[in-house]
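Asks: TSV, C-alpha atoms, file data_36.tsv:
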```tsv
chain	number	residue	atom	x	y	z
A	1	MET	CA	32.82	2.75	16.49
A	2	ARG	CA	29.26	3.37	15.29
A	3	LEU	CA	29.66	3.10	11.54
A	4	TYR	CA	26.00	3.89	10.83
A	5	GLN	CA	26.63	7.47	11.98
A	6	GLU	CA	29.22	7.89	9.22
A	7	ASP	CA	27.25	6.22	6.41
A	8	SER	CA	23.66	5.14	7.00
A	9	TYR	CA	23.53	3.61	3.49
A	10	ALA	CA	26.36	1.11	4.10
A	11	THR	CA	25.11	-2.45	4.54
A	12	ARG	CA	28.25	-4.56	5.18
A	13	PHE	CA	31.27	-4.21	7.46
A	14	ARG	CA	34.11	-6.19	9.06
A	15	ALA	CA	34.89	-6.19	12.78
A	16	ARG	CA	36.37	-8.21	15.63
A	17	VAL	CA	34.38	-9.65	18.52
A	18	GLN	CA	35.61	-7.74	21.59
A	19	ARG	CA	33.25	-9.35	24.09
A	20	ALA	CA	30.85	-12.28	23.91
A	21	TRP	CA	28.69	-13.89	26.59
A	22	SER	CA	25.49	-15.82	27.17
A	23	ASP	CA	22.90	-16.03	29.94
A	24	GLU	CA	19.50	-17.60	30.46
A	25	LYS	CA	17.90	-14.94	28.23
A	26	GLY	CA	20.18	-15.20	25.19
A	27	HIS	CA	23.54	-14.65	23.52
A	28	TYR	CA	25.34	-11.32	23.19
A	29	ALA	CA	28.40	-9.73	21.57
A	30	VAL	CA	30.14	-6.35	21.42
A	31	LEU	CA	32.12	-5.67	18.24
A	32	SER	CA	35.07	-3.39	17.57
A	33	GLU	CA	32.77	-1.43	15.22
A	34	THR	CA	29.26	-1.90	13.93
A	35	LEU	CA	26.66	-0.82	11.40
A	36	PHE	CA	23.83	-2.16	13.57
A	37	TYR	CA	21.75	0.70	14.92
A	38	PRO	CA	20.71	0.09	18.56
A	39	GLU	CA	17.11	0.86	19.50
A	40	SER	CA	17.00	4.46	20.67
A	41	GLY	CA	14.99	7.65	20.39
A	42	GLY	CA	11.87	5.86	19.19
A	43	GLN	CA	13.69	4.21	16.26
A	44	PRO	CA	13.83	0.38	16.28
A	45	ALA	CA	17.11	-1.50	16.13
A	46	ASP	CA	18.62	-2.99	13.00
A	47	THR	CA	18.63	-6.74	12.44
A	48	GLY	CA	20.80	-8.86	10.14
A	49	VAL	CA	23.57	-11.44	10.28
A	50	LEU	CA	27.15	-11.97	11.43
A	51	ARG	CA	29.32	-14.38	9.42
A	52	GLY	CA	32.61	-15.93	10.49
A	53	PRO	CA	34.44	-19.23	11.20
A	54	PHE	CA	31.43	-20.20	13.31
A	55	GLY	CA	29.08	-19.94	10.33
A	56	GLU	CA	26.20	-17.50	10.19
A	57	VAL	CA	24.38	-16.09	13.23
A	58	ARG	CA	21.33	-13.85	13.22
A	59	VAL	CA	21.44	-10.46	14.93
A	60	LEU	CA	18.01	-10.28	16.53
A	61	GLU	CA	18.32	-6.89	18.20
A	62	ALA	CA	20.85	-4.27	19.26
A	63	TYR	CA	20.87	-1.97	22.27
A	64	GLU	CA	23.12	0.54	24.02
A	65	GLU	CA	24.81	-0.33	27.29
A	66	GLU	CA	24.99	3.42	27.92
A	67	LYS	CA	22.96	6.01	26.01
A	68	ALA	CA	24.71	7.65	23.05
A	69	PHE	CA	28.29	6.70	23.95
A	70	GLY	CA	28.21	3.20	25.48
A	71	ASP	CA	28.96	-0.05	23.68
A	72	VAL	CA	26.40	-1.43	21.23
A	73	VAL	CA	25.32	-4.89	22.39
A	74	HIS	CA	24.20	-7.30	19.65
A	75	VAL	CA	21.60	-9.89	20.68
A	76	LEU	CA	22.34	-13.10	18.74
A	77	SER	CA	20.54	-16.28	17.75
A	78	ALA	CA	23.57	-18.39	18.83
A	79	PRO	CA	26.85	-17.83	20.71
A	80	ILE	CA	30.01	-16.68	18.91
A	81	PRO	CA	33.63	-16.74	20.21
A	82	GLU	CA	35.49	-13.69	21.50
A	83	GLY	CA	38.31	-12.54	19.24
A	84	ALA	CA	36.69	-13.90	16.07
A	85	GLU	CA	36.78	-11.83	12.89
A	86	VAL	CA	33.27	-11.32	11.55
A	87	GLU	CA	31.51	-9.83	8.56
A	88	GLY	CA	28.24	-8.15	9.41
A	89	GLU	CA	25.32	-7.41	7.10
A	90	ILE	CA	22.24	-5.45	8.09
A	91	ASP	CA	18.72	-6.04	6.79
A	92	TRP	CA	18.73	-3.14	4.31
A	93	GLY	CA	15.00	-3.17	3.59
A	94	ARG	CA	14.26	-2.76	7.29
A	95	ARG	CA	16.94	-0.05	7.70
A	96	PHE	CA	15.67	2.00	4.74
A	97	ARG	CA	12.09	1.98	6.02
A	98	HIS	CA	13.32	3.11	9.42
A	99	MET	CA	15.26	5.95	7.79
A	100	GLN	CA	12.15	7.01	5.88
A	101	ARG	CA	10.10	7.01	9.09
A	102	HIS	CA	12.76	8.91	11.03
A	103	THR	CA	13.50	11.58	8.44
A	104	ALA	CA	9.76	12.05	7.86
A	105	GLN	CA	9.29	12.49	11.62
A	106	HIS	CA	11.88	15.30	11.67
A	107	LEU	CA	10.08	17.01	8.79
A	108	LEU	CA	6.65	16.61	10.36
A	109	SER	CA	7.80	17.75	13.82
A	110	GLN	CA	9.28	20.90	12.31
A	111	ALA	CA	6.15	21.45	10.22
A	112	LEU	CA	3.93	21.11	13.30
A	113	LEU	CA	6.11	23.62	15.12
A	114	ARG	CA	5.86	26.10	12.24
A	115	ALA	CA	2.17	25.61	11.52
A	116	GLY	CA	0.82	25.60	15.05
A	117	GLY	CA	3.63	26.19	17.50
A	118	TYR	CA	3.33	22.56	18.57
A	119	HIS	CA	6.34	21.04	20.34
A	120	THR	CA	7.26	17.35	19.92
A	121	VAL	CA	7.91	15.64	23.27
A	122	ALA	CA	8.05	11.97	22.20
A	123	VAL	CA	8.02	9.82	19.08
A	124	SER	CA	7.45	6.16	18.24
A	125	LEU	CA	8.77	4.71	14.99
A	126	ASP	CA	8.49	1.00	15.73
A	127	SER	CA	5.69	0.23	13.27
A	128	PRO	CA	4.57	1.49	9.84
A	129	VAL	CA	2.07	3.74	11.62
A	130	CYS	CA	4.34	6.10	13.55
A	131	THR	CA	3.37	8.63	16.20
A	132	VAL	CA	4.49	12.09	17.26
A	133	ASP	CA	3.37	13.25	20.71
A	134	LEU	CA	2.83	16.99	21.07
A	135	GLU	CA	2.88	19.05	24.24
A	136	GLU	CA	-0.14	21.09	23.13
A	137	GLU	CA	-3.69	20.27	22.00
A	138	ALA	CA	-3.70	20.57	18.22
A	139	GLU	CA	-6.32	22.06	15.92
A	140	GLU	CA	-7.38	20.30	12.72
A	141	ALA	CA	-6.53	23.22	10.43
A	142	ARG	CA	-3.02	23.48	11.88
A	143	VAL	CA	-2.37	19.73	11.58
A	144	ARG	CA	-3.49	19.73	7.94
A	145	GLU	CA	-1.30	22.76	7.28
A	146	ALA	CA	1.64	20.94	8.88
A	147	GLU	CA	1.05	17.88	6.70
A	148	ALA	CA	1.17	20.04	3.58
A	149	LEU	CA	4.27	21.88	4.81
A	150	ALA	CA	6.07	18.58	5.55
A	151	ASN	CA	5.35	17.39	2.01
A	152	PHE	CA	6.52	20.70	0.54
A	153	ALA	CA	9.80	20.00	2.37
A	154	VAL	CA	9.83	16.56	0.73
A	155	TYR	CA	9.42	18.12	-2.73
A	156	ALA	CA	12.15	20.67	-1.95
A	157	ASP	CA	14.66	17.80	-1.93
A	158	TYR	CA	16.69	19.26	0.92
A	159	PRO	CA	20.08	17.62	1.63
A	160	VAL	CA	20.28	15.79	4.96
A	161	GLU	CA	23.59	15.99	6.82
A	162	ALA	CA	24.79	14.87	10.24
A	163	PHE	CA	27.71	16.35	12.19
A	164	PHE	CA	29.03	16.55	15.74
A	165	VAL	CA	29.47	19.67	17.87
A	166	SER	CA	30.67	20.20	21.41
A	167	GLU	CA	28.25	21.05	24.19
A	168	GLU	CA	29.76	24.53	24.33
A	169	GLU	CA	28.99	25.14	20.64
A	170	LEU	CA	25.29	24.23	20.91
A	171	ALA	CA	24.22	27.81	21.58
A	172	GLN	CA	25.28	28.70	18.03
A	173	TYR	CA	22.66	26.37	16.51
A	174	PRO	CA	18.89	27.08	16.42
A	175	LEU	CA	17.76	23.60	17.45
A	176	ARG	CA	14.12	22.57	17.22
A	177	ARG	CA	14.39	21.06	20.71
A	178	PRO	CA	17.16	20.86	23.33
A	179	PRO	CA	19.36	17.72	23.21
A	180	LYS	CA	18.90	14.87	25.68
A	181	VAL	CA	22.62	14.06	25.85
A	182	ARG	CA	25.62	15.98	27.06
A	183	GLY	CA	29.19	16.30	25.83
A	184	LYS	CA	29.71	15.72	22.12
A	185	VAL	CA	26.31	16.09	20.42
A	186	ARG	CA	25.30	14.82	16.98
A	187	LEU	CA	23.10	17.20	14.99
A	188	VAL	CA	21.01	16.38	11.92
A	189	ARG	CA	20.27	19.23	9.52
A	190	ILE	CA	17.68	19.05	6.72
A	191	GLY	CA	18.53	21.96	4.45
A	192	ASP	CA	17.38	25.19	6.05
A	193	PHE	CA	14.14	23.50	7.14
A	194	ASP	CA	15.04	21.57	10.31
A	195	LEU	CA	17.91	21.19	12.74
A	196	ALA	CA	17.79	18.82	15.71
A	197	ALA	CA	20.05	16.76	17.94
A	198	CYS	CA	19.69	13.11	16.90
A	199	GLY	CA	21.74	9.92	16.93
A	200	GLY	CA	19.56	8.02	14.46
A	201	THR	CA	19.94	7.02	10.82
A	202	HIS	CA	18.58	9.31	8.12
A	203	LEU	CA	18.15	9.59	4.37
A	204	LYS	CA	20.44	11.55	2.04
A	205	THR	CA	17.68	13.94	0.98
A	206	SER	CA	14.22	14.91	2.19
A	207	ALA	CA	12.71	13.75	-1.11
A	208	GLN	CA	13.33	10.11	-0.18
A	209	ALA	CA	11.03	10.43	2.86
A	210	GLY	CA	7.86	11.11	0.92
A	211	PRO	CA	5.03	10.98	0.80
A	212	ILE	CA	4.13	11.87	4.39
A	213	LYS	CA	0.51	11.22	5.33
A	214	VAL	CA	-1.15	12.13	8.64
A	215	LEU	CA	-3.74	9.44	9.40
A	216	LYS	CA	-5.35	10.84	12.52
A	217	TRP	CA	-4.69	12.75	15.74
A	218	GLU	CA	-6.17	12.48	19.20
A	219	ARG	CA	-5.89	14.00	22.64
A	220	TYR	CA	-3.16	12.32	24.65
A	221	LYS	CA	-1.86	13.13	28.16
A	222	GLY	CA	-2.99	16.74	27.97
A	223	GLY	CA	-1.50	17.17	24.50
A	224	THR	CA	-1.94	15.47	21.14
A	225	ARG	CA	-0.79	12.24	19.53
A	226	VAL	CA	-0.40	12.45	15.75
A	227	HIS	CA	-0.36	9.21	13.74
A	228	PHE	CA	1.40	9.24	10.37
A	229	MET	CA	2.96	7.06	7.66
A	230	ALA	CA	5.78	7.83	5.28
A	231	GLY	CA	7.69	6.62	2.25
A	232	TRP	CA	7.08	3.14	0.84
A	233	GLU	CA	4.83	2.27	3.77
A	234	ALA	CA	2.55	5.23	3.01
A	235	LEU	CA	2.36	4.10	-0.63
A	236	GLU	CA	1.59	0.52	0.45
A	237	ASP	CA	-1.16	1.83	2.72
A	238	TYR	CA	-2.59	3.88	-0.16
A	239	HIS	CA	-2.48	0.84	-2.46
A	240	ALA	CA	-4.32	-1.35	0.06
A	241	LYS	CA	-7.00	1.27	0.71
A	242	HIS	CA	-7.40	2.05	-2.99
A	243	ALA	CA	-7.83	-1.66	-3.77
A	244	LEU	CA	-10.44	-1.98	-1.01
A	245	LEU	CA	-12.37	1.08	-2.22
A	246	SER	CA	-12.27	-0.23	-5.78
A	247	ARG	CA	-13.72	-3.59	-4.73
A	248	LEU	CA	-16.48	-1.89	-2.72
A	249	ALA	CA	-17.25	0.51	-5.57
A	250	LEU	CA	-17.60	-2.45	-7.94
A	251	ALA	CA	-19.95	-4.19	-5.51
A	252	PHE	CA	-22.11	-1.06	-5.27
A	253	SER	CA	-21.79	-0.21	-8.99
A	254	THR	CA	-20.49	3.26	-8.27
A	255	ASN	CA	-17.36	5.42	-8.28
A	256	PRO	CA	-14.99	4.93	-5.27
A	257	LEU	CA	-15.45	8.56	-4.22
A	258	GLU	CA	-19.25	8.18	-4.34
A	259	LEU	CA	-19.39	5.21	-1.95
A	260	GLU	CA	-20.83	7.17	0.95
A	261	LYS	CA	-24.24	7.47	-0.73
A	262	PRO	CA	-25.02	3.76	-1.25
A	263	ILE	CA	-23.48	2.88	2.12
A	264	LYS	CA	-25.71	5.45	3.82
A	265	ARG	CA	-28.78	4.00	2.06
A	266	LEU	CA	-27.72	0.51	3.14
A	267	GLN	CA	-27.35	1.69	6.76
A	268	GLU	CA	-30.82	3.26	6.69
A	269	GLU	CA	-32.31	0.05	5.33
A	270	LEU	CA	-30.48	-1.97	7.98
A	271	TYR	CA	-31.77	0.23	10.80
A	272	ALA	CA	-35.30	-0.09	9.43
A	273	LEU	CA	-35.02	-3.88	9.19
A	274	LYS	CA	-33.63	-4.08	12.73
A	275	GLY	CA	-36.67	-2.17	13.95
A	276	GLU	CA	-39.04	-4.44	12.04
A	277	ASN	CA	-37.22	-7.52	13.31
A	278	GLN	CA	-37.45	-6.35	16.91
A	279	ALA	CA	-41.16	-5.65	16.54
A	280	LEU	CA	-41.73	-9.13	15.07
A	281	LYS	CA	-39.77	-10.78	17.89
A	282	GLU	CA	-41.83	-8.92	20.50
A	283	ALA	CA	-45.04	-9.98	18.76
A	284	LEU	CA	-43.85	-13.60	18.64
A	285	VAL	CA	-43.02	-13.56	22.36
A	286	GLU	CA	-46.50	-12.23	23.10
A	287	ALA	CA	-48.02	-14.98	20.97
A	288	LEU	CA	-45.95	-17.77	22.57
A	289	LEU	CA	-46.33	-16.62	26.18
A	290	PRO	CA	-49.85	-18.09	26.82
A	291	ARG	CA	-48.85	-21.44	25.31
A	292	ALA	CA	-45.62	-21.56	27.34
A	293	LEU	CA	-47.54	-20.80	30.56
A	294	GLU	CA	-49.89	-23.66	29.72
A	295	GLU	CA	-47.43	-26.34	28.51
A	296	GLU	CA	-44.31	-25.43	30.57
A	297	ALA	CA	-42.04	-27.26	28.06
A	298	LEU	CA	-42.05	-25.73	24.59
A	299	LEU	CA	-40.09	-25.74	21.32
A	300	VAL	CA	-39.46	-22.10	20.34
A	301	PRO	CA	-37.32	-20.21	17.79
A	302	GLU	CA	-33.83	-19.49	19.07
A	303	ALA	CA	-34.24	-15.75	18.36
A	304	VAL	CA	-36.84	-15.35	21.12
A	305	LEU	CA	-35.55	-17.95	23.57
A	306	GLY	CA	-33.99	-15.53	26.06
A	307	GLU	CA	-36.72	-12.89	25.90
A	308	LEU	CA	-39.50	-15.44	26.41
A	309	ALA	CA	-37.62	-16.87	29.40
A	310	LYS	CA	-37.42	-13.40	30.97
A	311	ARG	CA	-41.18	-12.89	30.49
A	312	LEU	CA	-41.94	-16.26	32.10
A	313	LEU	CA	-39.68	-15.37	35.03
A	314	ALA	CA	-41.84	-12.32	35.67
A	315	TRP	CA	-45.17	-14.15	35.19
A	316	SER	CA	-44.83	-17.35	37.17
A	317	GLN	CA	-42.78	-19.24	39.79
A	318	ARG	CA	-43.27	-22.59	38.07
A	319	THR	CA	-40.53	-24.51	36.26
A	320	PHE	CA	-40.28	-23.93	32.49
A	321	LEU	CA	-38.09	-25.45	29.78
A	322	LEU	CA	-37.71	-23.75	26.42
A	323	VAL	CA	-35.75	-25.53	23.66
A	324	SER	CA	-34.92	-24.31	20.15
A	325	PRO	CA	-34.67	-26.64	17.12
A	326	GLU	CA	-30.91	-25.86	17.05
A	327	GLY	CA	-30.46	-27.28	20.57
A	328	ARG	CA	-30.24	-24.04	22.59
A	329	PHE	CA	-32.28	-24.11	25.81
A	330	ALA	CA	-33.46	-21.87	28.63
A	331	LEU	CA	-34.53	-23.32	31.98
A	332	LEU	CA	-36.04	-21.56	34.99
A	333	GLY	CA	-38.01	-22.24	38.14
A	334	PRO	CA	-37.64	-24.21	41.38
A	335	ARG	CA	-36.82	-27.51	39.64
A	336	ALA	CA	-34.27	-26.00	37.26
A	337	GLN	CA	-31.20	-27.80	38.69
A	338	GLU	CA	-33.03	-31.13	38.74
A	339	VAL	CA	-34.01	-30.75	35.08
A	340	LEU	CA	-30.52	-29.50	34.19
A	341	ALA	CA	-29.04	-32.75	35.52
A	342	ARG	CA	-31.34	-34.69	33.17
A	343	LEU	CA	-30.36	-32.43	30.24
A	344	LYS	CA	-26.68	-33.04	30.96
A	345	ALA	CA	-27.34	-36.76	30.61
A	346	LEU	CA	-28.33	-35.94	27.02
A	347	GLY	CA	-25.03	-34.09	26.48
A	348	ALA	CA	-26.17	-30.60	27.45
A	349	LYS	CA	-23.83	-27.91	28.76
A	350	GLY	CA	-24.87	-24.68	30.45
A	351	GLY	CA	-25.40	-22.71	33.61
A	352	GLY	CA	-26.83	-19.59	35.16
A	353	ARG	CA	-28.67	-18.32	38.20
A	354	GLU	CA	-32.27	-17.21	37.63
A	355	VAL	CA	-32.30	-18.49	34.04
A	356	VAL	CA	-30.09	-21.46	33.16
A	357	GLN	CA	-29.04	-21.28	29.51
A	358	GLY	CA	-26.93	-23.59	27.38
A	359	ALA	CA	-26.90	-26.03	24.48
A	360	LEU	CA	-27.37	-29.72	23.82
A	361	PRO	CA	-26.88	-31.85	20.70
A	362	ARG	CA	-29.31	-30.73	18.00
A	363	GLU	CA	-30.68	-34.25	17.52
A	364	ARG	CA	-31.68	-34.43	21.22
A	365	ALA	CA	-33.74	-31.19	21.19
A	366	LEU	CA	-37.19	-32.81	20.92
A	367	GLU	CA	-36.24	-35.55	23.38
A	368	ALA	CA	-35.29	-32.88	25.93
A	369	LEU	CA	-38.81	-31.48	26.01
A	370	GLY	CA	-40.03	-34.66	27.70
A	371	LEU	CA	-37.68	-34.29	30.68
A	372	LEU	CA	-39.78	-31.75	32.56
A	373	GLY	CA	-42.47	-34.22	33.59
```
What does the file become when written as C-alpha cells?
Replies:
Amino acid sequence: MRLYQEDSYATRFRARVQRAWSDEKGHYAVLSETLFYPESGGQPADTGVLRGPFGEVRVLEAYEEEKAFGDVVHVLSAPIPEGAEVEGEIDWGRRFRHMQRHTAQHLLSQALLRAGGYHTVAVSLDSPVCTVDLEEEAEEARVREAEALANFAVYADYPVEAFFVSEEELAQYPLRRPPKVRGKVRLVRIGDFDLAACGGTHLKTSAQAGPIKVLKWERYKGGTRVHFMAGWEALEDYHAKHALLSRLALAFSTNPLELEKPIKRLQEELYALKGENQALKEALVEALLPRALEEEALLVPEAVLGELAKRLLAWSQRTFLLVSPEGRFALLGPRAQEVLARLKALGAKGGGREVVQGALPRERALEALGLLG
C-alpha cells in the first residue's frame, strides 16, 4: 500500500519486509506498505531510514517495479532480512520541498495554459530550479502573466485534494491533460483552479507552494522550457541574490537597484583599457622585432611573447629563442628541436609545431638564453 497517497504529511510508518535481495549494484526491499515516494513523473524519490532488529539502514532511493500500480522497491545502504518488522521514517525536509515544487508546477502549468494556451508536455522537479516543457513557443508577456496568475492562485489558498476515479469516469472531469495511466486513476484538484491526473505528493493548500518565481525561459525542441523556483527554495534564492546585490552596492557606494550604472561605466573603462593595452603591446612588438632579428635570443615580457614569435616566423627562417623573466619561452626555426632538448635539461616542458612554447624554472630563464649558440 502506498501510504503517501493517503497522507503526504505523514513521516513515520510500520511495515513488514515482504521481499529482500541483493546484487552487485546494491540492496533492495519491498515492504507491505510504505510512505517512501518512488521517483516518478519528474518528482524525485523520498529518502530516509528503516529501523528494526537489524539496526538502522538508510533508504537511498525508491522506484516502481511497474508504473503506478507495481511494488515500490526501496534501495538500501545495507541488506535487511525478509519477514522483519520495520519502522520507516522519511526525510521530511526533502519531502516538503518536493511537495512545494510539485504543487507549484501544477499551478504554473495551469497558469501557462490559461495565459497563453501553452500545454505542458514534460516536467523536471529534481533540483531547486525546476522546469516545465511546453509544446508551444512562448511569448514573454504571456509567461509573465502566467507567473502572476500562479501566484494569485497561491494567495487564494485553494485546498488541494487527491482522489481516485475509474477510467470510465474520467470523461466527467475537465483535466488539464490526459492521464498517462489506465484503470484506476488518481486525480489532484487544486480548488477550482487546476485538475490533473497525478500520483505524486502535494501540499494541503496552494498557499504553501508560494512564492513561485519564473527565472527564465528558452526555446526547446520546437517548444519552450520554463525554469522556475518555488516555496522555501525560491526564498533562499532571493536571499542569496539580495545578499550579493547588497555587497556589490556597498562596493560601488550605490543603491542595489542602481547598480547597472556604475557597472556600465566600469565596463566602458575596461573596454577602453583593453584597447590601450592592445595598442601598447603592438607597439612593443614593433620595437622589439629589430632587436630580436639581430640577437636571435632575447628576454622579452611574457605579454608579447607569442605575438613576437609569430612576427619572427613571418620575417625569417632562422632559429629564435624568446624567454620571459617568468620562465615562459617561445622557440622557432630549423634548430628548434635541438634547442628544446637543451632547455629540457634545464627543467623545461613544452611542445608545438611551428612555434614551440612552454615553461622552465624561473631561476633558469637567463641561463636559457645562452643555449642558442
Asks: Give me the residues within 12 Å of Ile263 of chain A as a PyMOL selection string, counting all atoms listed in the file and dropping any in the same chain fewer than 5 places off.
Replies: chain A and resi 248-249+251-254+256-258+268-270
Asks: Could you pull the residues within 8 Å of segment 331-344 of chain A, counting all atoms listed in the file, minus those fewer than 5 positions along the same chain, as a PDB file with C-alpha atoms, keeping the file's coordinate frame?
Replies:
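The result, written out as selection_25.pdb:
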```
ATOM      1  CA  ALA A 309     -37.620 -16.870  29.400  1.00  0.00           C
ATOM      2  CA  LEU A 313     -39.680 -15.370  35.030  1.00  0.00           C
ATOM      3  CA  GLN A 317     -42.780 -19.240  39.790  1.00  0.00           C
ATOM      4  CA  ARG A 318     -43.270 -22.590  38.070  1.00  0.00           C
ATOM      5  CA  THR A 319     -40.530 -24.510  36.260  1.00  0.00           C
ATOM      6  CA  PHE A 320     -40.280 -23.930  32.490  1.00  0.00           C
ATOM      7  CA  LEU A 321     -38.090 -25.450  29.780  1.00  0.00           C
ATOM      8  CA  LEU A 322     -37.710 -23.750  26.420  1.00  0.00           C
ATOM      9  CA  LYS A 349     -23.830 -27.910  28.760  1.00  0.00           C
ATOM     10  CA  GLU A 354     -32.270 -17.210  37.630  1.00  0.00           C
ATOM     11  CA  VAL A 355     -32.300 -18.490  34.040  1.00  0.00           C
ATOM     12  CA  VAL A 356     -30.090 -21.460  33.160  1.00  0.00           C
ATOM     13  CA  GLN A 357     -29.040 -21.280  29.510  1.00  0.00           C
ATOM     14  CA  LEU A 360     -27.370 -29.720  23.820  1.00  0.00           C
ATOM     15  CA  ALA A 368     -35.290 -32.880  25.930  1.00  0.00           C
ATOM     16  CA  LEU A 371     -37.680 -34.290  30.680  1.00  0.00           C
ATOM     17  CA  LEU A 372     -39.780 -31.750  32.560  1.00  0.00           C
TER      18      LEU A 372
END
```
Asks: Go through segment 77-150 of chain A residue by residue and, counting all atoms listed in the file, keep those with an atom at most 10 Å from segment 198-204 of chain A; for each kept residue give the shortest atom pair and its distance in Å to one decimal, ordered by chain and increasing number, as a Markdown table.
Replies:
```
| residue | atom | partner | partner_atom | distance |
| --- | --- | --- | --- | --- |
| A:Arg95 | CA | A:Thr201 | CA | 8.3 |
| A:Phe96 | CA | A:Leu203 | CA | 8.0 |
| A:Arg97 | CA | A:Leu203 | CA | 9.9 |
| A:His98 | CA | A:Thr201 | CA | 7.8 |
| A:Met99 | CA | A:His202 | CA | 4.7 |
| A:Gln100 | CA | A:Leu203 | CA | 6.7 |
| A:Arg101 | CA | A:His202 | CA | 8.8 |
| A:His102 | CA | A:His202 | CA | 6.5 |
| A:Thr103 | CA | A:His202 | CA | 5.6 |
| A:Ala104 | CA | A:His202 | CA | 9.2 |
| A:His106 | CA | A:Cys198 | CA | 9.7 |
```
Asks: Could you jot down the atom CA of Leu312 of chain A to atom CA of Leu273 of chain A separation for me, Å, one decimal place?
Replies: 26.9 Å
Asks: State, in Å with one decimal place, the distance from atom CA of Glu169 of chain A to atom CA of Tyr37 of chain A.
Replies: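 The value is 26.1 Å.
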Asks: Using only C-alpha atoms, determine which residues lie at most 8 Å from Ser166 of chain A, disregarding the query and same-chain residues fewer than 3 positions distant; provide the list as a PyMOL selection string.
Replies: chain A and resi 169-170+183-185
Asks: Would you compute the distance between atom CA of Gly52 of chain A and atom CA of Ile80 of chain A? Give it in Å to one decimal.
Replies: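 Those two atoms sit 8.8 Å apart.
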Asks: For Arg225 of chain A, which residue out of A:Met1, A:Arg16, A:Glu24, A:Val123 is the nearest one, using all atoms listed in the file?
Replies: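 Checking each of A:Met1, A:Arg16, A:Glu24, A:Val123 against Arg225 of chain A, counting all atoms listed in the file, the winner is A:Val123.
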Asks: Rank nothing, just name the residue among A:Leu293, A:Thr131, A:Pro211, A:Ala111 nearest to Phe193 of chain A, using only C-alpha atoms.
Replies: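 When distances to Phe193 of chain A are compared using only C-alpha atoms, the smallest one comes from A:Ala111.
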Asks: Pick from A:Lys261, A:Asp194, A:Gly231, A:Gln5: nearest to Ala162 of chain A, with all atoms listed in the file counted?
Replies: A:Gln5
Asks: Axis-aligned box over every listed atom of segment 16-29 of chain A, padded by 5 Å per side: centre and edges in Å to one decimal, as JSON?
Replies:
```
{"center_x": 27.1, "center_y": -12.7, "center_z": 23.0, "size_x": 28.5, "size_y": 19.9, "size_z": 24.8}
```
Asks: Select, from A:Ala207, A:Gly41, A:Pro178, A:Glu87, the residue with the minimum atom-to-atom distance to Gly191 of chain A, counting only C-alpha atoms.
Replies: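 Smallest separation from Gly191 of chain A among the options: A:Ala207.
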Asks: Compile the contact shell of Ser109 of chain A as JSON, numbers by chain: residues with an atom at most 9 Å away, counting all atoms listed in the file, same-chain residues fewer than 2 positions apart removed.
Replies: {"A": [104, 105, 106, 107, 111, 112, 113, 114, 118, 119, 120, 132, 134, 146, 150, 176, 194]}
Asks: Can you complete the atoms of segment 361-372 of chain A to N, CA and C atoms and list them as a short mmCIF file (atom, residue, chain, number, x, y, z; two decimals), keeping the file's coordinate frame?
Replies:
```cif
data_model
loop_
_atom_site.label_atom_id
_atom_site.label_comp_id
_atom_site.auth_asym_id
_atom_site.auth_seq_id
_atom_site.Cartn_x
_atom_site.Cartn_y
_atom_site.Cartn_z
N PRO A 361 -26.94 -31.40 22.09
CA PRO A 361 -26.88 -31.85 20.70
C PRO A 361 -28.20 -31.62 19.98
N ARG A 362 -28.12 -31.09 18.77
CA ARG A 362 -29.31 -30.73 18.00
C ARG A 362 -30.30 -31.89 17.90
N GLU A 363 -29.78 -33.10 17.71
CA GLU A 363 -30.68 -34.25 17.52
C GLU A 363 -31.41 -34.67 18.79
N ARG A 364 -31.02 -34.08 19.95
CA ARG A 364 -31.68 -34.43 21.22
C ARG A 364 -32.68 -33.36 21.66
N ALA A 365 -32.89 -32.32 20.80
CA ALA A 365 -33.74 -31.19 21.19
C ALA A 365 -35.16 -31.62 21.54
N LEU A 366 -35.80 -32.39 20.66
CA LEU A 366 -37.19 -32.81 20.92
C LEU A 366 -37.26 -33.76 22.11
N GLU A 367 -36.28 -34.62 22.25
CA GLU A 367 -36.24 -35.55 23.38
C GLU A 367 -36.16 -34.80 24.70
N ALA A 368 -35.47 -33.67 24.70
CA ALA A 368 -35.29 -32.88 25.93
C ALA A 368 -36.60 -32.35 26.47
N LEU A 369 -37.55 -32.06 25.57
CA LEU A 369 -38.81 -31.48 26.01
C LEU A 369 -39.59 -32.42 26.93
N GLY A 370 -39.32 -33.71 26.86
CA GLY A 370 -40.03 -34.66 27.70
C GLY A 370 -39.42 -34.83 29.08
N LEU A 371 -38.37 -34.11 29.40
CA LEU A 371 -37.68 -34.29 30.68
C LEU A 371 -38.30 -33.51 31.81
N LEU A 372 -39.22 -32.61 31.50
CA LEU A 372 -39.78 -31.75 32.56
C LEU A 372 -40.82 -32.49 33.40
#
```
